[in-house]
Amino acid sequence: MTDDAYLFLADGSATPPGAPLASVGDLACLETPAVRAWLDAHGVTSASGELRLLPPEETGAIPEGAEKLPVPLSDEELLQLRHALAPGALARVEEELLAYRDCAGDRDALLARAVAAGVAPHRIVELTGEDPATVNSVVSAAAGRRG
């Protein structure tokens, strides 16, 4: 397995593997001279339907003999690619997980604000689904700062 994703030209099969590049969104690698030269050499643009992209773990699905180019993607770009390849239900769950990740990083700050605003600890537990011990820890820490 490689650490690079691969751009490749689909061979005209009915259902080529990978995601159409246009469905993945803007990728930094498309602005590199190497990728632009490769696209020019094959007479395609990034909007071409025959241009496909696969993540590193799926590069074995590239048809034998297909014109291909390894491209480095950032973690966020890989996430976009995997999202473009995921069926609808999986994509929705992944969106929810990303939203949780984004808000969970500020969990302690949010809990501290709730305590400071006077929300009762049992109500914080009810609203957030957090473990009561976690909420009590934040309550204790907030009381220590006031004391």
# chains A, B, ... in the order shown; residues from 1 in each chain; ligands from 1

$ residues_around --residues "A:Pro16" --least-positions-apart "3" --cutoff "9 Å" --atoms "only C-alpha atoms" --output "compact mmCIF listing (two decimals) with C-alpha atoms, in the first residue's frame"
# COMPACT_ATOMS: atom_id res chain seq x y z
CA ALA A 10 -10.80 5.62 -16.34
CA ASP A 11 -10.64 3.05 -19.11
CA GLY A 12 -14.25 3.52 -20.20
CA SER A 13 -15.67 0.70 -18.08
CA ALA A 19 -14.44 9.25 -7.26
CA GLU A 50 -12.79 10.17 -17.03
CA ARG A 52 -10.81 9.57 -11.17
CA ILE A 62 -6.90 1.00 -10.44
CA PRO A 63 -7.32 -0.91 -13.69

$ select_by_dssp --residues "stretch 2-102 of chain A" --states "strand (DSSP E or B)" --output "PyMOL selection string"
chain A and resi 5-9+19-20+51-54+68-71

$ select_by_dssp --residues "stretch 16-141 of chain A" --states "alpha helix (DSSP H)" --output "PyMOL selection string"
chain A and resi 21-24+33-42+75-85+88-104+107-117+121-128+132-141

$ atom_distance --atom1 "atom CA of A:His83" --atom2 "atom CA of A:Ala99"
14.0 Å

$ atom_distance --atom1 "atom CA of A:Thr134" --atom2 "atom CA of A:Gly118"
16.8 Å

$ atom_distance --atom1 "atom CA of A:Leu69" --atom2 "atom CA of A:Pro33"
12.7 Å

$ closest_residue --among "A:Val71, A:Leu111, A:Leu81, A:Gly43" --to "A:Leu127" --atoms "only C-alpha atoms"
A:Leu111

$ residues_around --residues "A:Ala61" --least-positions-apart "6" --cutoff "10 Å" --atoms "only C-alpha atoms" --output "ChimeraX atom specification"
/A:16-18,54

$ residues_around --residues "A:Gly25" --least-positions-apart "6" --cutoff "10 Å" --atoms "only C-alpha atoms" --output "VMD selection string"
chain A and resid 77 80 to 81 84

$ write_last_selection --atoms "N, CA, C and O atoms" --output "mmCIF file, in the first residue's frame"
data_model
loop_
_atom_site.group_PDB
_atom_site.id
_atom_site.type_symbol
_atom_site.label_atom_id
_atom_site.label_comp_id
_atom_site.auth_asym_id
_atom_site.auth_seq_id
_atom_site.Cartn_x
_atom_site.Cartn_y
_atom_site.Cartn_z
ATOM 1 N N GLU A 77 -8.243 16.703 2.801
ATOM 2 C CA GLU A 77 -8.550 16.309 1.422
ATOM 3 C C GLU A 77 -8.856 14.817 1.338
ATOM 4 O O GLU A 77 -9.756 14.407 0.605
ATOM 5 N N GLN A 80 -12.314 14.377 2.460
ATOM 6 C CA GLN A 80 -13.239 14.772 1.384
ATOM 7 C C GLN A 80 -13.365 13.646 0.365
ATOM 8 O O GLN A 80 -14.467 13.336 -0.093
ATOM 9 N N LEU A 81 -12.242 13.040 -0.001
ATOM 10 C CA LEU A 81 -12.253 11.957 -0.988
ATOM 11 C C LEU A 81 -13.037 10.764 -0.463
ATOM 12 O O LEU A 81 -13.900 10.224 -1.148
ATOM 13 N N ALA A 84 -16.647 11.440 -0.546
ATOM 14 C CA ALA A 84 -17.206 11.375 -1.899
ATOM 15 C C ALA A 84 -17.439 9.930 -2.329
ATOM 16 O O ALA A 84 -18.337 9.653 -3.121
#

$ residues_around --residues "A:Arg145" --least-positions-apart "6" --cutoff "12 Å" --atoms "only C-alpha atoms" --output "number ranges by chain"
A: 112, 116, 138-139

$ write_last_selection --atoms "all heavy atoms" --output "PDB file, in the first residue's frame"
ATOM      1  N   ALA A 112     -18.033  24.506  31.506  1.00  0.00           N
ATOM      2  CA  ALA A 112     -17.664  25.559  32.468  1.00  0.00           C
ATOM      3  C   ALA A 112     -18.562  26.781  32.301  1.00  0.00           C
ATOM      4  O   ALA A 112     -18.974  27.393  33.296  1.00  0.00           O
ATOM      5  CB  ALA A 112     -16.194  25.930  32.291  1.00  0.00           C
ATOM      6  N   ALA A 116     -20.969  28.348  35.123  1.00  0.00           N
ATOM      7  CA  ALA A 116     -20.863  29.766  35.466  1.00  0.00           C
ATOM      8  C   ALA A 116     -22.192  30.493  35.272  1.00  0.00           C
ATOM      9  O   ALA A 116     -22.504  31.425  35.996  1.00  0.00           O
ATOM     10  CB  ALA A 116     -19.775  30.430  34.616  1.00  0.00           C
ATOM     11  N   VAL A 138     -15.969  19.332  36.353  1.00  0.00           N
ATOM     12  CA  VAL A 138     -15.966  20.715  35.858  1.00  0.00           C
ATOM     13  C   VAL A 138     -16.547  21.648  36.930  1.00  0.00           C
ATOM     14  O   VAL A 138     -16.032  22.744  37.148  1.00  0.00           O
ATOM     15  CB  VAL A 138     -16.746  20.828  34.532  1.00  0.00           C
ATOM     16  CG1 VAL A 138     -16.928  22.265  34.116  1.00  0.00           C
ATOM     17  CG2 VAL A 138     -16.040  20.047  33.440  1.00  0.00           C
ATOM     18  N   VAL A 139     -17.601  21.202  37.601  1.00  0.00           N
ATOM     19  CA  VAL A 139     -18.207  22.003  38.664  1.00  0.00           C
ATOM     20  C   VAL A 139     -17.179  22.251  39.762  1.00  0.00           C
ATOM     21  O   VAL A 139     -17.010  23.377  40.246  1.00  0.00           O
ATOM     22  CB  VAL A 139     -19.483  21.323  39.228  1.00  0.00           C
ATOM     23  CG1 VAL A 139     -19.955  22.001  40.503  1.00  0.00           C
ATOM     24  CG2 VAL A 139     -20.581  21.308  38.184  1.00  0.00           C
TER      25      VAL A 139
END

$ residues_around --residues "A:Arg113" --least-positions-apart "5" --cutoff "12 Å" --atoms "only C-alpha atoms" --output "count of residues only"
13

$ residues_around --residues "A:Pro72" --least-positions-apart "5" --cutoff "9 Å" --atoms "only C-alpha atoms" --output "JSON, numbers by chain"
{"A": [3, 4, 5, 6, 28, 29]}

$ write_last_selection --atoms "C-alpha atoms" --output "mmCIF file, in the first residue's frame"
data_model
loop_
_atom_site.group_PDB
_atom_site.id
_atom_site.type_symbol
_atom_site.label_atom_id
_atom_site.label_comp_id
_atom_site.auth_asym_id
_atom_site.auth_seq_id
_atom_site.Cartn_x
_atom_site.Cartn_y
_atom_site.Cartn_z
ATOM 1 C CA ASP A 3 0.668 6.704 1.264
ATOM 2 C CA ASP A 4 -0.363 8.641 -1.825
ATOM 3 C CA ALA A 5 -3.754 8.847 -3.416
ATOM 4 C CA TYR A 6 -3.806 8.272 -7.167
ATOM 5 C CA ALA A 28 -4.059 21.688 -3.503
ATOM 6 C CA CYS A 29 -2.233 19.121 -5.639
#

$ closest_residue --among "A:Cys103, A:Ala143, A:Ala41, A:Leu21" --to "A:Thr128" --atoms "only C-alpha atoms"
A:Cys103

$ closest_residue --among "A:Leu51, A:Ala22, A:Leu110, A:Leu79" --to "A:Leu7" --atoms "only C-alpha atoms"
A:Leu51
